[in-house]
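Report on the following structure.
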Amino acid sequence: MFGEMLENVRDRKPLIHNITNYVTVNDCANILLACGGSPIMADDINEVEEITAICGGLNINIGTLNQRTIPSMIAAGKKANELGHPVVLDPVGAGASNLRTSTALELLEKVQFTVIRGNISEIKTLATGNGTTKGVDADVTDSITEETLEQGAVFAKNFAAKTGSVIAITGAIDIVADRDKAYCIYNGNPMMSSITGTGCQLSALVAAYVTANPGMALDGAAAAVCAMGLCGETAYKRLADLDGNSSYRNYIIDAIYNLDGKTLDRNAKYKII
Amino acid sequence: MFGEMLENVRDRKPLIHNITNYVTVNDCANILLACGGSPIMADDINEVEEITAICGGLNINIGTLNQRTIPSMIAAGKKANELGHPVVLDPVGAGASNLRTSTALELLEKVQFTVIRGNISEIKTLATGNGTTKGVDADVTDSITEETLEQGAVFAKNFAAKTGSVIAITGAIDIVADRDKAYCIYNGNPMMSSITGTGCQLSALVAAYVTANPGMALDGAAAAVCAMGLCGETAYKRLADLDGNSSYRNYIIDAIYNLDGKTLDRNAKYKII
Amino acid sequence: MFGEMLENVRDRKPLIHNITNYVTVNDCANILLACGGSPIMADDINEVEEITAICGGLNINIGTLNQRTIPSMIAAGKKANELGHPVVLDPVGAGASNLRTSTALELLEKVQFTVIRGNISEIKTLATGNGTTKGVDADVTDSITEETLEQGAVFAKNFAAKTGSVIAITGAIDIVADRDKAYCIYNGNPMMSSITGTGCQLSALVAAYVTANPGMALDGAAAAVCAMGLCGETAYKRLADLDGNSSYRNYIIDAIYNLDGKTLDRNAKYKII
């Protein structure tokens with residue numbers, strides 16, 4: 001099924017509006033092109049509603065949020081809601097500053113998100129209203145392992161029920177859940193955390209998948225998470241002696257470019273709880 | 001002749017001031033270095049005139065325009081005009097929002113551009129004053145093919161006559177025209193549209209070429225378009241099994257770095273109408 | 001000793017707050033991850049103090065400074081000083097515009113920097129209060145060679161004494177000095193100037209090294225400069241026929257990722273004067 005969703009992205013070429021950070025924006029654009037989608041970046045308050053209107057989906061990422069772009073995020077999000085477009089939130093660093101936490105909470109209040117994707121620290125911050133995130137990476141004490149998986153899935157389902165969004169918590173094991181069902185995804189490679197923006201790229205990918213597969217937000221998001229993890233594995237196998245994280249970054253995007261539905265179906269590793 | 005123009009870029013090392021979007025800015029800087037030029041990015045209203053004054057040419061790209069940078073674009077453009085520096089406009093997404101269309105038109109009114117480079121949808125928007133651009137890519141119904149080439153060349157020449165600028169319309173076949181003469185350029189590879197920013201990079205390259213070849217804006221722009229297309233071909237030949245759009249991006253810039261005048265002369269594919 | 005400092009970065013994983021330009025920000029993030037550190041980028045005045053407080057060190061780079069981010073740089077710098085965190089300044093393009101020169105001088109006045117890293121033109125601008133920098137690259141008439149090395153070292157020591165900062169002047173030969181002692185470093189490769197942001201990346205690396213090696217700012221900065229130069233050499237050796245500056249950029253970051261303490265100790269080339 002995930003394979004079919006991937007092929008829908010290639011066939012339907014969803015145009016995704018991104019209001020995102022300037023650190024990883026180029027990678028987000030290239031991964032959207034790699035998966036078969038098309039990116040447009042626009043963050044001025046005077047154009048975000050119009051831009052969102054010509055797109056199929058919206059991806060909001062607070063990675064380098066600032067006073068100029070926060071109102072743009074809200075305006076674009078509301079417009080996308082009005083038009084019935086899927087909207088993804090990546091609450092980068094929520095919990096690391098009051099500005100990030102309060103902006104993420106304000107976005108949750110004013111915009112109905114289709115999918116919220118973050119690491120466990122970020123998602124916990126949104127769920128509890130305050131956080132102890134150390135920077136933009138997950139706090140190690142929070143990590144989801146086989147032991148805490150059941151508990152993590154319950155947490156994700158509850159937060160999904162509360163927000164009406166699909167919740168995607170990524171880490172060593174990824175959880176993608178709505179109120180009833182949680183995918184626990186085992187694809188991925190630890191080296192993915194040695195490059196900046198794999199999370200941001202995944203959020204853009206999720207936006208493409210849920211846009212190209214209307215009405216299937218849970219499965220679409222899970223398919224995107226599997227695809228990204230699988231490409232992290234493929235890219236890892238490709239590493240040669242002198243390669244490091246910079247080559248690895250290129251190889252992941254290359255792998256997304258080359259991935260097809262059959263390969264995704266054959267290699268997706270998950271269970272449902 | 002194009003080869004000589006390339007060598008002039010290598011010899012004269014033009015310093016190019018870029019006011020450009022944050023999506024592809026790094027690639028623009030690296031392609032300027034690859035071709036033998038030197039980039040400087042500066043967009044604050046309090047320094048753009050000074051920065052432009054120490055440069056040889058100016059490249060204005062509206063890709064992620066915002067209220068802070070629009071006045072900077074106008075001020076820098078006027079200053080460059082005053083000093084007789086070449087100025088390139090890349091009207092990214094003109095037609096996709098009123099802000100982009102009106103900003104591009106305002107720029108055309110207040111700044112005399114040496115070259116305007118865009119896809120056919122963007123250039124049509126500028127020529128007609130309104131547009132139906134779908135995002136930042138050209139509308140397929142607009143594309144220039146062998147059948148519409150003559151008509152496209154007439155359109156480009158007319159718009160060149162009206163603006164006093166060289167018009168570079170890039171697509172499957174590229175047209176670079178002044179009021180009298182149009183280069184129709186056949187270099188390039190379709191995969192170039194699978195990476196973000198080949199257009200932005202080309203505009204930066206055009207700025208370097210026209211700056212290093214004063215008084216030869218038409219030929220300089222055409223040489224840059226041929227060089228970019230040829231490097232898209234070279235990079236494509238270099239692709240290995242696991243490579244995708246991310247490696248392709250690197251290979252194009254690498255090819256620009258390695259391109260010499262003889263190779264460009266030997267492989268430039270164009271006709272003049 | 002440098003090798004041990006590198007290993008300290010890997011062990012202590014310093015979290016570095018970067019207020020930096022949007023041209024090379026992705027490379028700065030990836031090189032911080034490559035060396036074993038962790039990056040966070042945040043530039044809004046409403047969060048920079050909080051973000052700096054959860055980090056170990058701060059890296060301020062004025063590459064695309066603007067009116068919104070200048071107060072953020074000052075606020076973050078003061079907070080870092082209060083907390084005793086190392087602060088690095090990269091005065092990109094100081095001397096190229098009054099805005100850059102005056103901002104750099106204001107930063108020097110209001111913030112106590114642990115290390116100031118720039119090319120000779122930028123550092124001279126800071127030392128004399130005015131400059132003739134041509135763009136973001138060093139003026140050739142200023143370059144440090146074997147003949148001007150002694151004089152350069154005296155200049156660096158004097159400016160170090162005046163500012164209380166370690167001064168790192170990078171070029172064909174690098175000088176890293178405090179008031180008493182100057183490392184003259186011979187690692188590096190001329191091709192490093194053919195990619196954008198090797199300087200910015202080095203400043204981020206310096207921030208990681210001085211943060212992970214408290215109280216050893218001179219040696220830490222020198223170790224980072226050696227490491228960067230050595231990786232420029234390693235990456236150069238790796239270049240294949242079709243490679244150019246874009247692949248070279250990836251190879252340098254890859255080399256930082258793979259560098260270990262022993263290799264650094266064995267290959268660091270410097271003398272002390």
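Order determines the names: the first chain of the structure tokens is A, the second B, and so forth; residues in each chain are numbered 1 upward, and ligands are numbered 1 upward as they are shown.
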List every residue of chain C that has an atom at most 6 Å from any atom of chain A, giving for each one its closest atom pair and the distance in Å to one decimal, counting only C-alpha atoms, sorted by chain and then by ascending residue number, as a tab-separated table.
```
residue	atom	partner	partner_atom	distance
C:Val25	CA	A:Val23	CA	5.6
C:Asn26	CA	A:Val23	CA	5.0
C:Asn30	CA	A:Thr196	CA	5.8
C:Leu33	CA	A:Ser194	CA	5.6
C:Ala42	CA	A:Thr64	CA	5.6
C:Asp44	CA	A:Asn66	CA	5.3
C:Glu47	CA	A:Leu99	CA	5.9
C:Glu50	CA	A:Ser97	CA	5.9
C:Asn250	CA	A:Ser246	CA	5.2
C:Ile253	CA	A:Ser246	CA	5.9
C:Asp254	CA	A:Gly244	CA	3.9
C:Tyr257	CA	A:Gly244	CA	5.5
```
Print the selection's residues with N, CA, C and O atoms to a file, as a CSV table (one decimal), in the first residue's frame.
```csv
chain,number,residue,atom,x,y,z
C,25,VAL,N,24.9,28.7,5.8
C,25,VAL,CA,24.4,28.2,7.1
C,25,VAL,C,24.2,26.7,7.1
C,25,VAL,O,24.5,26.0,8.1
C,26,ASN,N,23.9,26.1,6.0
C,26,ASN,CA,23.7,24.6,5.9
C,26,ASN,C,25.0,24.0,6.1
C,26,ASN,O,25.2,23.0,6.8
C,30,ASN,N,26.3,21.4,9.0
C,30,ASN,CA,26.8,20.1,8.7
C,30,ASN,C,28.3,19.9,9.2
C,30,ASN,O,28.6,18.8,9.6
C,33,LEU,N,28.1,19.2,12.9
C,33,LEU,CA,27.8,17.8,13.1
C,33,LEU,C,28.9,16.9,12.8
C,33,LEU,O,29.2,15.9,13.4
C,42,ALA,N,19.4,30.3,15.5
C,42,ALA,CA,18.3,31.1,16.0
C,42,ALA,C,18.7,32.6,16.0
C,42,ALA,O,19.8,32.9,16.4
C,44,ASP,N,16.1,35.4,16.2
C,44,ASP,CA,15.1,36.3,16.6
C,44,ASP,C,15.4,36.9,18.0
C,44,ASP,O,15.8,36.2,18.9
C,47,GLU,N,14.3,35.2,21.2
C,47,GLU,CA,14.7,33.9,21.7
C,47,GLU,C,16.3,33.8,21.8
C,47,GLU,O,16.7,32.8,22.4
C,50,GLU,N,17.8,33.1,25.4
C,50,GLU,CA,17.4,31.8,25.9
C,50,GLU,C,18.1,30.6,25.2
C,50,GLU,O,18.6,29.7,25.8
C,250,ASN,N,31.8,18.9,-0.5
C,250,ASN,CA,31.3,17.7,0.2
C,250,ASN,C,32.5,16.9,0.8
C,250,ASN,O,32.4,16.4,1.9
C,253,ILE,N,33.8,18.4,4.2
C,253,ILE,CA,33.0,18.1,5.3
C,253,ILE,C,33.1,16.6,5.7
C,253,ILE,O,33.2,16.2,6.8
C,254,ASP,N,33.1,15.8,4.6
C,254,ASP,CA,33.4,14.3,4.9
C,254,ASP,C,34.7,14.1,5.6
C,254,ASP,O,34.7,13.3,6.5
C,257,TYR,N,34.4,14.8,9.1
C,257,TYR,CA,33.6,13.8,9.8
C,257,TYR,C,34.5,12.6,10.1
C,257,TYR,O,34.3,11.9,11.1
```
Q. Could you write out, as a ChimeraX atom specification, all the residues of segment 61-256 of chain C that DSSP marks as alpha helix (DSSP H)?
A. /C:70-83,98-110,120-128,149-163,198-212,217-238,245-256
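Each of A:Leu239, A:Ala80, A:Val87, A:Leu264 was compared to Ala223 of chain A using only C-alpha atoms, and A:Leu264 turns out to be the nearest.
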Q: Excluding Ala161 of chain C and any residue of its chain fewer than 5 positions from it, enumerate the residues within 10 Å of it, using only C-alpha atoms, and give them as a list in words.
A: Phe155, Ala156, Val166, Ile167, Ala177, Asp178, Arg179 and Asp180 of chain C
Let me see the file: selected residues, N, CA, C and O atoms, as a CSV table (one decimal), in the first residue's frame.
```
chain,number,residue,atom,x,y,z
C,155,PHE,N,51.4,41.9,14.3
C,155,PHE,CA,50.0,42.6,14.2
C,155,PHE,C,49.0,41.8,14.9
C,155,PHE,O,48.2,42.4,15.6
C,156,ALA,N,48.9,40.5,14.7
C,156,ALA,CA,47.9,39.7,15.3
C,156,ALA,C,48.0,39.7,16.9
C,156,ALA,O,47.0,39.8,17.6
C,166,VAL,N,41.5,35.8,21.1
C,166,VAL,CA,42.4,35.2,20.2
C,166,VAL,C,42.1,35.6,18.8
C,166,VAL,O,40.9,35.7,18.4
C,167,ILE,N,43.2,35.9,18.0
C,167,ILE,CA,42.9,36.4,16.7
C,167,ILE,C,43.4,35.3,15.7
C,167,ILE,O,44.5,34.9,15.7
C,177,ALA,N,46.7,33.8,17.1
C,177,ALA,CA,47.6,34.4,18.1
C,177,ALA,C,46.8,34.9,19.3
C,177,ALA,O,45.7,35.4,19.2
C,178,ASP,N,47.4,34.8,20.5
C,178,ASP,CA,47.0,35.7,21.6
C,178,ASP,C,48.1,36.7,21.8
C,178,ASP,O,49.0,36.9,20.9
C,179,ARG,N,48.1,37.4,22.9
C,179,ARG,CA,49.1,38.5,23.0
C,179,ARG,C,50.5,38.0,23.0
C,179,ARG,O,51.5,38.8,22.7
C,180,ASP,N,50.7,36.8,23.4
C,180,ASP,CA,52.1,36.3,23.6
C,180,ASP,C,52.6,35.3,22.6
C,180,ASP,O,53.8,35.2,22.4
```
Q) Any idea what's packed within 6 Å of Gly3 of chain B, counting only C-alpha atoms, ignoring anything in its chain fewer than 5 positions away? Could you give it as a ChimeraX atom specification? A) /B:261-262,264-265
May I have the selected residues written with N, CA and C atoms, as a PDB file, in the first residue's frame?
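This is the output file result_4.pdb:
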```
ATOM      1  N   GLY B 261      36.907  27.160 -22.584  1.00  0.00           N
ATOM      2  CA  GLY B 261      36.372  27.837 -23.756  1.00  0.00           C
ATOM      3  C   GLY B 261      36.271  26.945 -24.987  1.00  0.00           C
ATOM      4  N   LYS B 262      37.289  26.145 -25.209  1.00  0.00           N
ATOM      5  CA  LYS B 262      37.276  25.269 -26.388  1.00  0.00           C
ATOM      6  C   LYS B 262      36.115  24.294 -26.354  1.00  0.00           C
ATOM      7  N   LEU B 264      33.366  24.587 -24.734  1.00  0.00           N
ATOM      8  CA  LEU B 264      32.105  25.307 -24.918  1.00  0.00           C
ATOM      9  C   LEU B 264      31.879  25.593 -26.403  1.00  0.00           C
ATOM     10  N   ASP B 265      32.909  26.105 -27.081  1.00  0.00           N
ATOM     11  CA  ASP B 265      32.765  26.399 -28.519  1.00  0.00           C
ATOM     12  C   ASP B 265      32.398  25.156 -29.315  1.00  0.00           C
TER      13      ASP B 265
END
```
Q.
Among segment 150-271 of chain C, which ones does DSSP assign to strand (DSSP E) (computed from the backbone)? Answer as a PyMOL selection string.
A. chain C and resi 166-169+174-177+182-185+270-271
Take the selection from the previous step and output its residues with C-alpha atoms, as a PDB file, in the first residue's frame.
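Output contents, as saved in selection-v5.pdb:
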```
ATOM      1  CA  VAL C 166      42.449  35.150  20.202  1.00  0.00           C
ATOM      2  CA  ILE C 167      42.948  36.432  16.650  1.00  0.00           C
ATOM      3  CA  ALA C 168      42.757  33.929  13.806  1.00  0.00           C
ATOM      4  CA  ILE C 169      43.780  35.311  10.413  1.00  0.00           C
ATOM      5  CA  ASP C 174      47.158  31.099   8.850  1.00  0.00           C
ATOM      6  CA  ILE C 175      48.070  32.971  12.012  1.00  0.00           C
ATOM      7  CA  VAL C 176      46.350  32.211  15.307  1.00  0.00           C
ATOM      8  CA  ALA C 177      47.580  34.393  18.117  1.00  0.00           C
ATOM      9  CA  ALA C 182      51.330  32.989  17.499  1.00  0.00           C
ATOM     10  CA  TYR C 183      50.737  29.723  15.700  1.00  0.00           C
ATOM     11  CA  CYS C 184      51.667  29.983  12.006  1.00  0.00           C
ATOM     12  CA  ILE C 185      49.788  27.209  10.281  1.00  0.00           C
ATOM     13  CA  TYR C 270      52.778  24.772  12.161  1.00  0.00           C
ATOM     14  CA  LYS C 271      55.441  26.716  13.914  1.00  0.00           C
TER      15      LYS C 271
END
```
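Among A:Asn18, A:Asn258, A:Thr148, A:Thr103, the residue with the shortest atom-to-atom distance to Pro91 of chain A, counting only C-alpha atoms, is A:Thr103.
Those residues that approach Ile252 of chain B to within 7 Å, counting only C-alpha atoms, are Cys231, Gly232 and Ala235 of chain B; same-chain residues fewer than 5 positions away are not listed.
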Show me, as an mmCIF file with C-alpha atoms, in the first residue's frame, the residues that have an atom within 9 Å of Ile74 of chain C when counting only C-alpha atoms, minus same-chain residues fewer than 5 positions from it.
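What landed in out_13.cif:
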```
data_model
loop_
_atom_site.group_PDB
_atom_site.id
_atom_site.type_symbol
_atom_site.label_atom_id
_atom_site.label_comp_id
_atom_site.auth_asym_id
_atom_site.auth_seq_id
_atom_site.Cartn_x
_atom_site.Cartn_y
_atom_site.Cartn_z
ATOM 1 C CA THR C 69 19.569 40.400 13.265
ATOM 2 C CA LYS C 79 24.222 36.879 27.366
ATOM 3 C CA GLU C 106 29.953 47.785 17.727
ATOM 4 C CA LEU C 107 30.099 44.060 18.411
ATOM 5 C CA LYS C 110 29.767 45.444 23.437
ATOM 6 C CA VAL C 111 30.785 41.804 23.420
#
```
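Pairwise distance (atom CA of Asp260 of chain C, atom CA of Gly188 of chain C) equals 17.0 Å.
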